[in-house]
>>> print(open('start.txt').read())   # compact mmCIF, C-alpha atoms
# COMPACT_ATOMS: atom_id res chain seq x y z
CA GLN G 1 28.31 -24.40 17.42
CA GLY G 2 29.61 -25.77 14.15
CA LEU G 3 27.37 -23.43 12.15
CA VAL G 4 28.40 -20.46 14.29
CA SER G 5 32.08 -21.23 13.81
CA ILE G 6 31.60 -21.59 10.04
CA ALA G 7 29.73 -18.27 9.92
CA GLN G 8 32.44 -16.54 11.96
CA SER G 9 35.22 -17.88 9.76
CA ALA G 10 33.30 -16.89 6.61
CA TRP G 11 32.78 -13.38 8.01
CA GLY G 12 36.50 -13.16 8.82
CA VAL G 13 37.34 -14.07 5.24
CA PHE G 14 34.76 -11.58 3.89
CA ILE G 15 36.17 -8.58 5.81
CA SER G 16 39.83 -9.42 5.25
CA GLU G 17 42.17 -7.93 2.68
CA ARG G 18 43.23 -9.93 -0.36
CA GLN G 19 46.18 -12.14 0.48
CA PRO G 20 48.54 -14.03 -1.81
CA GLY G 21 47.84 -17.69 -2.33
CA TRP G 22 45.18 -19.70 -4.11
CA LYS G 23 43.65 -21.07 -0.92
CA HIS G 24 42.65 -17.68 0.47
CA LEU G 25 41.53 -16.51 -2.97
CA MET G 26 39.23 -19.51 -3.42
CA GLN G 27 37.77 -19.06 0.07
CA LEU G 28 37.15 -15.39 -0.59
CA PHE G 29 35.56 -16.12 -3.97
CA ALA G 30 33.29 -18.77 -2.43
CA VAL G 31 32.04 -16.40 0.28
CA CYS G 32 31.54 -13.59 -2.25
CA SER G 33 29.65 -16.01 -4.52
CA VAL G 34 27.19 -16.76 -1.71
CA VAL G 35 26.66 -13.05 -1.06
CA GLY G 36 26.29 -12.36 -4.78
CA PHE G 37 23.79 -15.21 -5.09
CA PHE G 38 21.49 -13.70 -2.45
CA ALA G 39 21.81 -10.24 -4.02
CA SER G 40 20.98 -11.59 -7.49
CA LEU G 41 18.08 -13.61 -6.02
CA LEU G 42 16.58 -10.43 -4.55
CA LEU G 43 17.03 -8.73 -7.92
CA PHE G 44 15.34 -11.65 -9.69
CA LEU G 45 12.35 -11.56 -7.33
CA GLY G 46 12.08 -7.80 -7.79
CA MET G 47 12.05 -8.06 -11.58
CA ARG G 48 9.64 -10.99 -11.45
CA PHE G 49 7.02 -9.49 -9.17
CA SER G 50 7.59 -5.75 -9.03
CA LEU G 51 8.43 -5.17 -12.70
CA ALA G 52 6.13 -8.03 -13.79
CA LEU G 53 8.70 -9.61 -16.11
CA HIS G 54 7.82 -13.28 -16.70
CA SER G 55 10.20 -14.22 -19.52
CA LEU G 56 13.75 -15.58 -19.40
CA ALA G 57 15.17 -12.05 -19.25
CA PRO G 58 15.10 -11.77 -15.40
CA LEU G 59 16.87 -15.13 -15.07
CA LEU G 60 19.58 -14.20 -17.56
CA ILE G 61 20.11 -10.75 -16.04
CA SER G 62 20.27 -12.14 -12.50
CA GLY G 63 22.74 -14.86 -13.55
CA SER G 64 25.02 -12.34 -15.26
CA ILE G 65 24.92 -10.01 -12.26
CA TRP G 66 25.69 -12.94 -9.94
CA ILE G 67 28.88 -13.78 -11.84
CA LEU G 68 30.02 -10.16 -12.19
CA LEU G 69 29.20 -9.31 -8.57
CA SER G 70 31.08 -12.37 -7.26
CA ILE G 71 34.22 -11.38 -9.17
CA ALA G 72 33.95 -7.71 -8.16
CA LEU G 73 33.38 -8.51 -4.48
CA SER G 74 36.40 -10.79 -4.35
CA CYS G 75 38.55 -8.00 -5.83
CA PHE G 76 37.47 -4.92 -3.85
CA LYS G 77 37.10 -4.73 -0.06
CA HIS G 78 35.22 -1.43 -0.15
CA LEU G 79 32.61 -2.98 -2.44
CA ARG G 80 32.12 -5.83 0.05
CA CYS G 81 31.50 -3.32 2.81
CA PHE G 82 29.13 -1.36 0.58
CA SER G 83 27.11 -4.47 -0.37
CA ALA G 84 26.68 -5.56 3.26
CA LEU G 85 25.52 -2.09 4.30
CA PHE G 86 23.25 -1.82 1.27
CA LEU G 87 21.40 -5.01 2.22
CA LEU G 88 20.86 -3.61 5.73
CA SER G 89 19.75 -0.26 4.31
CA CYS G 90 17.00 -2.07 2.41
CA GLY G 91 15.51 -2.92 5.80
CA LEU G 92 15.54 0.70 7.00
CA GLN G 93 14.12 3.80 5.27
CA SER G 94 14.69 2.42 1.78
CA GLY G 95 12.90 -0.82 2.55
CA ARG G 96 10.13 1.07 4.28
CA ASN G 97 9.59 3.36 1.29
CA ALA G 98 9.62 0.40 -1.10
CA LEU G 99 6.99 -1.45 0.96
CA ILE G 100 4.83 1.68 1.27
CA THR G 101 5.03 2.12 -2.51
CA ALA G 102 4.06 -1.51 -3.04
CA ALA G 103 1.10 -1.20 -0.65
CA THR G 104 -0.06 1.99 -2.37
CA GLY G 105 0.06 0.15 -5.68
CA VAL G 106 -2.02 -2.67 -4.20
CA VAL G 107 -4.63 -0.19 -2.92
CA THR G 108 -4.66 1.59 -6.29
CA ALA G 109 -5.08 -1.65 -8.23
CA GLY G 110 -7.64 -3.04 -5.78
CA ASN G 111 -9.76 -0.64 -3.77
CA ILE G 112 -9.55 2.54 -5.87
CA GLN G 113 -10.23 0.78 -9.16
CA ASN G 114 -13.08 -1.12 -7.51
CA ILE G 115 -14.58 2.18 -6.29
CA LEU G 116 -14.35 3.54 -9.84
CA HIS G 117 -15.97 0.39 -11.23
CA ASN G 118 -18.89 0.52 -8.77
CA LEU G 119 -19.49 4.21 -9.49
CA LYS G 120 -19.53 3.46 -13.22
CA VAL G 121 -21.98 0.60 -12.58
CA LEU G 122 -24.24 3.02 -10.71
CA ALA G 123 -24.11 5.59 -13.52
CA ASP G 124 -24.79 2.93 -16.17
CA SER G 125 -27.79 1.74 -14.16
CA ILE G 126 -29.32 5.23 -14.19
CA THR G 127 -28.87 5.65 -17.95
CA CYS G 128 -30.20 2.11 -18.52
CA HIS G 129 -33.39 2.96 -16.62
CA LEU G 130 -33.87 6.12 -18.65
CA GLU G 131 -33.40 4.29 -21.94
CA CYS G 132 -35.81 1.50 -20.99
CA GLU G 133 -38.54 3.61 -19.48
CA GLN G 134 -38.93 6.02 -22.40
CA PHE G 135 -40.51 3.22 -24.50
CA ALA G 136 -41.84 0.93 -21.80
CA LEU G 137 -44.36 3.50 -20.52
CA ILE G 138 -45.71 4.09 -24.03
CA LYS G 139 -46.21 0.36 -24.46
CA TYR G 140 -48.15 0.30 -21.22
CA TYR G 141 -50.36 3.15 -22.48
CA VAL G 142 -51.07 1.26 -25.74
CA GLU G 143 -52.00 -1.89 -23.85
CA ALA G 144 -54.28 0.15 -21.59
CA VAL G 145 -56.08 1.65 -24.60
CA LYS G 146 -56.58 -1.82 -26.08
CA MET G 147 -58.02 -3.03 -22.79
CA ILE G 148 -60.39 -0.07 -22.72
CA TYR G 149 -61.52 -0.84 -26.28
CA LYS G 150 -62.20 -4.46 -25.42
CA ALA G 151 -64.01 -3.56 -22.17
CA ALA G 152 -66.26 -0.99 -23.79
CA ARG G 153 -69.53 -2.64 -24.89
CA LEU G 154 -69.98 -0.81 -28.19
CA PRO G 155 -72.82 -1.46 -30.67
CA PRO G 156 -72.02 -3.96 -33.43
CA GLU G 157 -72.04 -1.27 -36.11
CA LEU G 158 -69.17 0.54 -34.39
CA LEU G 159 -67.05 -2.57 -33.80
CA ARG G 160 -64.14 -3.23 -36.11
CA ASP G 161 -62.24 -6.42 -36.76
CA GLU G 162 -58.93 -4.79 -35.93
CA PHE G 163 -58.05 -2.07 -33.53
CA THR G 164 -54.49 -0.82 -34.00
CA PRO G 165 -53.52 2.29 -32.08
CA SER G 166 -50.51 4.22 -33.31
CA TYR G 167 -48.18 6.57 -31.52
CA SER G 168 -45.14 8.73 -32.19
CA ILE G 169 -42.39 9.82 -29.81
CA SER G 170 -40.30 12.98 -30.18
CA ASP G 171 -37.28 11.65 -28.30
CA HIS G 172 -34.41 13.08 -30.34
CA ALA G 173 -33.40 15.50 -27.60
CA LEU G 174 -33.61 12.78 -24.95
CA LYS G 175 -31.57 10.35 -27.03
CA GLN G 176 -28.95 13.00 -27.68
CA GLU G 177 -28.77 13.81 -23.98
CA LEU G 178 -28.45 10.14 -23.06
CA ASN G 179 -25.72 9.59 -25.64
CA ASP G 180 -23.83 12.66 -24.41
CA THR G 181 -24.17 11.44 -20.82
CA LYS G 182 -22.89 7.97 -21.68
CA LYS G 183 -19.95 9.44 -23.61
CA GLU G 184 -19.11 11.74 -20.70
CA ILE G 185 -19.23 8.85 -18.23
CA GLN G 186 -17.03 6.74 -20.50
CA LYS G 187 -14.60 9.64 -20.96
CA VAL G 188 -14.25 10.28 -17.23
CA ALA G 189 -13.90 6.55 -16.53
CA SER G 190 -11.20 6.22 -19.19
CA GLN G 191 -9.28 9.22 -17.85
CA VAL G 192 -9.40 8.00 -14.25
CA SER G 193 -8.49 4.47 -15.32
CA PHE G 194 -5.53 5.81 -17.29
CA MET G 195 -4.32 7.86 -14.33
CA LEU G 196 -4.64 4.87 -11.98
CA THR G 197 -2.76 2.67 -14.44
CA LEU G 198 -0.05 5.31 -14.77
CA VAL G 199 0.29 5.69 -10.99
CA SER G 200 0.39 1.92 -10.56
CA CYS G 201 3.03 1.61 -13.27
CA ILE G 202 5.17 4.35 -11.69
CA GLY G 203 4.77 2.80 -8.25
CA GLN G 204 5.65 -0.71 -9.39
CA LYS G 205 8.41 -0.06 -11.95
CA ILE G 206 9.96 3.39 -11.62
CA LEU G 207 9.91 4.04 -7.87
CA PRO G 208 11.75 0.78 -6.99
CA ILE G 209 14.59 1.85 -9.28
CA VAL G 210 14.62 5.28 -7.64
CA GLY G 211 14.55 3.57 -4.24
CA ILE G 212 17.59 1.45 -5.12
CA PHE G 213 19.45 4.55 -6.28
CA LEU G 214 18.60 6.44 -3.07
CA ALA G 215 19.58 3.44 -0.93
CA SER G 216 22.92 3.25 -2.73
CA LEU G 217 23.48 6.98 -2.30
CA GLY G 218 22.57 6.84 1.39
CA THR G 219 24.91 3.88 1.95
CA GLY G 220 27.78 5.71 0.28
CA LEU G 221 27.20 8.82 2.40
CA PHE G 222 27.02 6.68 5.56
CA ILE G 223 30.41 5.10 4.79
CA LYS G 224 31.90 8.50 3.96
CA LYS G 225 30.76 9.97 7.28
CA PHE G 226 32.13 6.99 9.20
CA VAL G 227 35.61 7.16 7.64
CA GLY G 228 35.72 10.95 7.06
CA SER G 229 37.49 13.66 8.99
CA TYR G 230 34.66 13.90 11.55
CA SER G 231 34.26 10.13 11.95
CA ALA G 232 34.97 10.27 15.72
CA GLN G 233 31.77 12.26 16.27
CA PHE G 234 29.49 10.44 13.83
CA MET G 235 26.98 8.27 15.75
CA ASN G 236 29.63 7.56 18.38
CA VAL G 237 27.24 6.48 21.16
CA TYR G 238 27.70 2.69 20.97
CA ILE G 239 29.91 0.61 23.25
CA THR G 240 31.44 -2.17 21.15
CA LYS G 241 33.57 -5.17 22.15
CA GLN G 242 36.65 -3.28 21.04
CA PHE G 243 35.72 -0.45 23.42
CA ILE G 244 35.31 -2.93 26.29
CA ALA G 245 38.70 -4.52 25.49
CA PHE G 246 40.34 -1.08 25.36
CA ASP G 247 38.81 -0.09 28.71
CA GLU G 248 40.02 -3.38 30.22
CA TYR G 249 43.51 -2.67 28.89
CA GLN G 250 43.39 0.81 30.49
CA LYS G 251 42.40 -0.81 33.77
CA GLN G 252 45.33 -3.26 33.61
CA GLN G 253 47.70 -0.36 32.95
CA GLN G 254 46.26 1.36 36.04
CA ARG G 255 44.85 4.20 34.00
CA PRO G 256 41.38 5.78 34.30
CA CYS G 257 38.67 3.37 33.13
CA LEU G 258 34.95 3.83 32.52
CA LEU G 259 33.04 0.56 32.74
CA PRO G 260 30.55 -0.07 34.15
CA LEU G 261 28.57 2.96 33.00
CA ASN G 262 26.37 4.85 35.46
CA ARG G 263 22.62 5.17 35.12
CA LYS G 264 22.67 8.50 33.28
CA GLU G 265 25.32 7.32 30.84
CA ARG G 266 23.34 4.15 30.05
CA GLN G 267 20.48 6.34 28.82
CA THR G 268 22.71 7.78 26.08
CA TYR G 269 25.35 5.09 25.49
CA VAL G 270 24.46 1.44 24.96
CA LYS G 271 26.43 -1.75 24.49
CA ILE G 272 25.90 -3.38 21.11
CA PRO G 273 24.63 -5.69 19.80
CA SER G 274 21.59 -5.54 22.09
CA PHE G 275 17.88 -4.78 21.97
CA CYS G 276 18.32 -1.79 24.29
CA LEU G 277 17.87 1.46 22.42
CA THR G 278 19.20 4.91 23.10
CA ARG G 279 16.97 7.96 23.21
CA LYS G 280 18.05 8.86 19.69
CA ASP G 281 17.21 5.36 18.47
CA ARG G 282 13.75 5.60 20.02
CA LYS G 283 13.16 8.93 18.31
CA ASN G 284 14.35 7.47 15.01
CA MET G 285 11.89 4.60 15.48
CA GLN G 286 9.07 7.09 15.99
CA TYR G 287 10.12 8.94 12.83
CA PHE G 288 10.22 5.58 11.04
CA PHE G 289 6.61 4.82 11.96
CA LEU G 290 5.18 8.29 11.16
CA PRO G 291 4.85 7.79 7.35
CA VAL G 292 3.77 4.19 7.95
CA VAL G 293 0.88 5.28 10.18
CA ALA G 294 -0.10 8.10 7.81
CA ASN G 295 -0.19 5.80 4.79
CA LEU G 296 -1.98 3.09 6.76
CA CYS G 297 -4.76 5.54 7.63
CA THR G 298 -5.03 6.48 3.95
CA TRP G 299 -5.25 2.82 2.91
CA LEU G 300 -7.91 2.11 5.52
CA LEU G 301 -9.88 5.17 4.36
CA PHE G 302 -9.99 3.97 0.75
CA ALA G 303 -10.84 0.45 1.89
CA ALA G 304 -13.69 1.78 4.05
CA VAL G 305 -15.06 3.91 1.19
CA ASP G 306 -14.85 0.91 -1.13
CA TYR G 307 -16.73 -1.36 1.27
CA LEU G 308 -19.36 1.26 2.15
CA LEU G 309 -20.06 1.93 -1.54
CA TYR G 310 -20.35 -1.81 -2.18
CA TRP G 311 -22.68 -2.21 0.81
CA LEU G 312 -24.82 0.76 -0.29
CA ILE G 313 -25.27 -0.49 -3.86
CA LEU G 314 -25.93 -4.03 -2.62
CA SER G 315 -28.62 -2.76 -0.23
CA VAL G 316 -30.25 -0.70 -3.01
CA ASN G 317 -30.12 -3.76 -5.28
CA LYS G 318 -31.84 -5.92 -2.67
CA HIS G 319 -34.60 -3.40 -1.91
CA LEU G 320 -35.30 -2.63 -5.57
CA ARG G 321 -35.76 -6.32 -6.34
CA GLU G 322 -38.22 -6.61 -3.46
CA VAL G 323 -40.40 -3.73 -4.71
CA PRO G 324 -43.68 -5.27 -5.99
CA ASP G 325 -45.15 -4.46 -9.40
CA LEU G 326 -47.64 -1.61 -9.57
CA GLU G 327 -51.21 -2.86 -10.12
CA ILE G 328 -53.63 -0.59 -11.98
CA LYS G 329 -57.33 -1.58 -11.95
CA PHE G 330 -59.67 -0.23 -14.64
CA VAL G 331 -63.44 0.22 -13.93
CA PHE G 332 -65.52 1.51 -16.87
CA PHE G 333 -69.08 3.00 -17.02
CA GLN G 334 -70.67 3.85 -20.34
CA ARG G 335 -73.98 5.25 -21.72
CA ARG G 336 -75.16 6.38 -25.13
CA ASN G 337 -75.33 10.05 -26.00
CA GLN G 338 -76.71 11.80 -29.07
CA ASN G 339 -73.33 12.21 -30.70
CA GLY G 340 -71.66 9.03 -29.44
CA PHE G 341 -70.84 7.10 -26.33
CA ILE G 342 -69.64 8.53 -23.07
CA PHE G 343 -68.70 6.90 -19.79
CA ASP G 344 -70.60 7.59 -16.66
CA MET G 345 -71.62 5.81 -13.47
CA ARG G 346 -75.29 4.96 -14.31
CA ASP G 347 -74.83 1.83 -16.33
CA HIS G 348 -73.44 -1.57 -15.52
CA VAL G 349 -69.87 -1.80 -14.41
CA ALA G 350 -67.23 -3.37 -16.65
CA LYS G 351 -64.22 -4.58 -14.74
CA VAL G 352 -60.88 -5.57 -16.27
CA ASP G 353 -58.09 -7.67 -14.82
CA PRO G 354 -55.44 -5.66 -12.98
CA PHE G 355 -52.83 -4.07 -15.20
CA LYS G 356 -49.28 -4.57 -13.78
CA ILE G 357 -46.40 -2.20 -14.38
CA SER G 358 -42.84 -2.95 -13.22
CA LEU G 359 -41.38 0.18 -11.65
CA PHE G 360 -37.74 -0.97 -11.97
CA LYS G 361 -36.29 -3.07 -14.75
CA HIS G 362 -34.29 -5.90 -13.17
CA ASP G 363 -31.68 -5.89 -15.92
CA CYS G 364 -30.82 -2.28 -15.07
CA ILE G 365 -30.48 -2.74 -11.29
CA PRO G 366 -26.78 -2.15 -10.38
CA GLN G 367 -24.63 -5.17 -9.53
CA PRO G 368 -21.67 -4.12 -7.31
CA VAL G 369 -18.30 -5.88 -7.21
CA LEU G 370 -16.38 -6.58 -4.02
CA THR G 371 -12.62 -6.06 -3.78
CA PRO G 372 -10.73 -9.38 -4.08
CA SER G 373 -9.55 -10.90 -0.81
CA THR G 374 -6.00 -11.05 -2.19
CA THR G 375 -5.80 -7.27 -1.77
CA TRP G 376 -6.36 -7.58 1.98
CA ILE G 377 -3.85 -10.44 2.23
CA GLN G 378 -1.17 -8.42 0.42
CA LEU G 379 -1.81 -5.35 2.58
CA GLY G 380 -1.64 -7.49 5.72
CA VAL G 381 1.69 -9.02 4.72
CA ILE G 382 3.19 -5.64 3.79
CA THR G 383 1.98 -4.06 7.06
CA PHE G 384 3.48 -6.97 9.02
CA PHE G 385 6.92 -6.44 7.44
CA LEU G 386 6.68 -2.68 7.99
CA VAL G 387 6.09 -3.27 11.69
CA ILE G 388 9.00 -5.74 11.85
CA PHE G 389 11.33 -3.30 10.07
CA GLY G 390 10.25 -0.49 12.41
CA LEU G 391 10.80 -2.55 15.56
CA PHE G 392 14.24 -3.74 14.43
CA SER G 393 15.38 -0.46 12.90
CA GLY G 394 17.56 0.30 15.93
CA LEU G 395 19.15 -3.17 15.76
CA LEU G 396 19.86 -2.75 12.04
CA THR G 397 21.61 0.56 12.77
CA GLN G 398 23.75 -1.20 15.36
CA LEU G 399 24.66 -3.87 12.81
CA LYS G 400 25.72 -1.18 10.34
CA ILE G 401 28.10 0.29 12.93
CA LEU G 402 29.50 -3.17 13.74
CA ILE G 403 30.06 -3.95 10.06
CA LEU G 404 31.91 -0.67 9.50
CA ALA G 405 33.98 -1.29 12.64
CA SER G 406 34.95 -4.71 11.26
CA PHE G 407 35.95 -3.36 7.84
CA TYR G 408 37.76 -0.26 9.16
CA PRO G 409 39.44 -1.19 12.48
CA ASP G 410 41.78 1.82 12.44
CA THR G 411 38.85 4.25 12.22
CA GLU G 412 37.09 2.32 14.98
CA MET G 413 40.10 2.72 17.29
CA LYS G 414 40.07 6.49 16.69
CA ARG G 415 36.38 6.55 17.63
CA ILE G 416 37.09 4.49 20.76
CA HIS G 417 39.84 6.86 21.91
CA PHE G 418 37.62 9.87 21.27
CA LEU G 419 34.60 8.42 23.12
CA HIS G 420 36.74 7.19 26.03
CA ALA G 421 38.31 10.61 26.49
CA LYS G 422 34.92 12.31 26.14
CA LEU G 423 33.31 10.20 28.87
CA LEU G 424 36.29 10.66 31.19
CA LYS G 425 36.04 14.42 30.73
CA LYS G 426 32.30 14.37 31.53
CA ARG G 427 32.90 12.34 34.67
CA ALA G 428 35.61 14.72 35.81
CA LYS G 429 33.16 17.61 35.54
CA LEU G 430 30.50 15.68 37.44
CA GLN G 431 32.96 14.90 40.24
CA GLU G 432 33.59 18.61 40.79
CA LYS G 433 29.90 19.51 41.22
CA PRO G 434 29.04 17.21 44.20
CA GLY G 435 31.76 18.89 46.33
CA LYS G 436 30.18 22.32 45.84
CA GLU G 437 26.71 20.94 46.56
CA ALA G 438 27.96 19.22 49.75
CA PHE G 439 29.54 22.49 50.94
CA ALA G 440 26.31 24.36 50.29
CA ARG G 441 24.29 21.78 52.21
CA THR G 442 26.71 22.01 55.13
CA VAL G 443 26.38 25.79 55.28
>>> encode(input="start.txt", output="structure tokens")
Amino acid sequence: QGLVSIAQSAWGVFISERQPGWKHLMQLFAVCSVVGFFASLLLFLGMRFSLALHSLAPLLISGSIWILLSIALSCFKHLRCFSALFLLSCGLQSGRNALITAATGVVTAGNIQNILHNLKVLADSITCHLECEQFALIKYYVEAVKMIYKAARLPPELLRDEFTPSYSISDHALKQELNDTKKEIQKVASQVSFMLTLVSCIGQKILPIVGIFLASLGTGLFIKKFVGSYSAQFMNVYITKQFIAFDEYQKQQQRPCLLPLNRKERQTYVKIPSFCLTRKDRKNMQYFFLPVVANLCTWLLFAAVDYLLYWLILSVNKHLREVPDLEIKFVFFQRRNQNGFIFDMRDHVAKVDPFKISLFKHDCIPQPVLTPSTTWIQLGVITFFLVIFGLFSGLLTQLKILILASFYPDTEMKRIHFLHAKLLKKRAKLQEKPGKEAFARTV
């Protein structure tokens, strides 16, 4: 109870006009300093994590803004109203868009870049195999010729001390093609990496600033509509404590009163603050969740593609390592001819140990990389806050109306008179219809 009373008294000081005297001025400055501290703390966290500033600059900027904001809030009542509504607006569409932008940046920095990395690993593996095999096969052929020379039982006069086969490869076209392929892969990877870095930079640094500007603009328009010439009709579907007190006063003066509301009226008009939502609030909640669901499906799609690509490359890696070496067995037959020696099947058989050839070079087998678990943790936290903001979006709208009613009591009384008269007029029309229906039933 003590904390509630302190909070109520602080709120009363915050919404009041400036009054003469040092006592009221110090109380107002203390309350505004607390509000400015929380606003500067949010700014500091945004510069620290969103803008990735890790020097003393965020601390100095936040401290300066804290001092300036505390002085400005204690001087201007409209600015105090604007700051309170701005903080609530950060939990509605502006906060939703900021969180969606942050989640998209996480997916871009995690899953999409990991997909690009695994694709590049796959392409490098293919070029590595081509580069290795163009000389490896020739070496196998040379070794096979040497084995044939050793296995052939030639006469002593034909034997030599050294047997050195030579070979030449015309691989200029192949080398050029491989170099062009590697350059093209590197070029595409660099372009995609640059675009992802640019998108991530825009999402983390530029869009939050745009979001703050749009939230400020939306808050200003909301205040203007509430206090403007058509304020009595702007979102005037909430029954506040002032409305209840006015209806009770009408009842004591023996004038037409409204409360309690009937069942049909409770579907459109609701007492605030409460967790009951009007039909318009429920529609607004559905509209709030539409971009969240759409972006969530996109994030899950990229995450699924990332995991499937990792699983595919990992499976290929496992199966390629399990492929056994190819064994080639040589069996030679030889006989003498007039002009030399030929091989046939009439003489003794000369067998050579199996000749093994590795079909896949293990150094060139692709090694995939899995997305860090921190990406999933960040997405989970952001999704949790999006759900919380969506569920409490109707309550935050009610709080905005209550704050404006506290700062502008004269405008709130005009809205109460308008809504009271409007409901009385509707009830008068409804009371005329049952008489006609009763007469028709009687006839």
>>> atom_distance(input="start.txt", atom1="atom CA of G:Tyr269", atom2="atom CA of G:Ser216")
28.4 Å
>>> residues_around(input="start.txt", residues="G:Gln93", least_positions_apart="5", cutoff="12 Å", atoms="all atoms listed in the file", output="PyMOL selection string")
chain G and resi 86-88+98-100+211-212+214-216+218-219+284-285+287-292+386+389-390+392-394+396-397
>>> atom_distance(input="start.txt", atom1="atom CA of G:Arg415", atom2="atom CA of G:Gln398")
15.0 Å
>>> residues_around(input="start.txt", residues="G:Thr383", least_positions_apart="2", cutoff="12 Å", atoms="all atoms listed in the file", output="count of residues only")
27
>>> atom_distance(input="start.txt", atom1="atom CA of G:Leu73", atom2="atom CA of G:Gly228")
22.7 Å
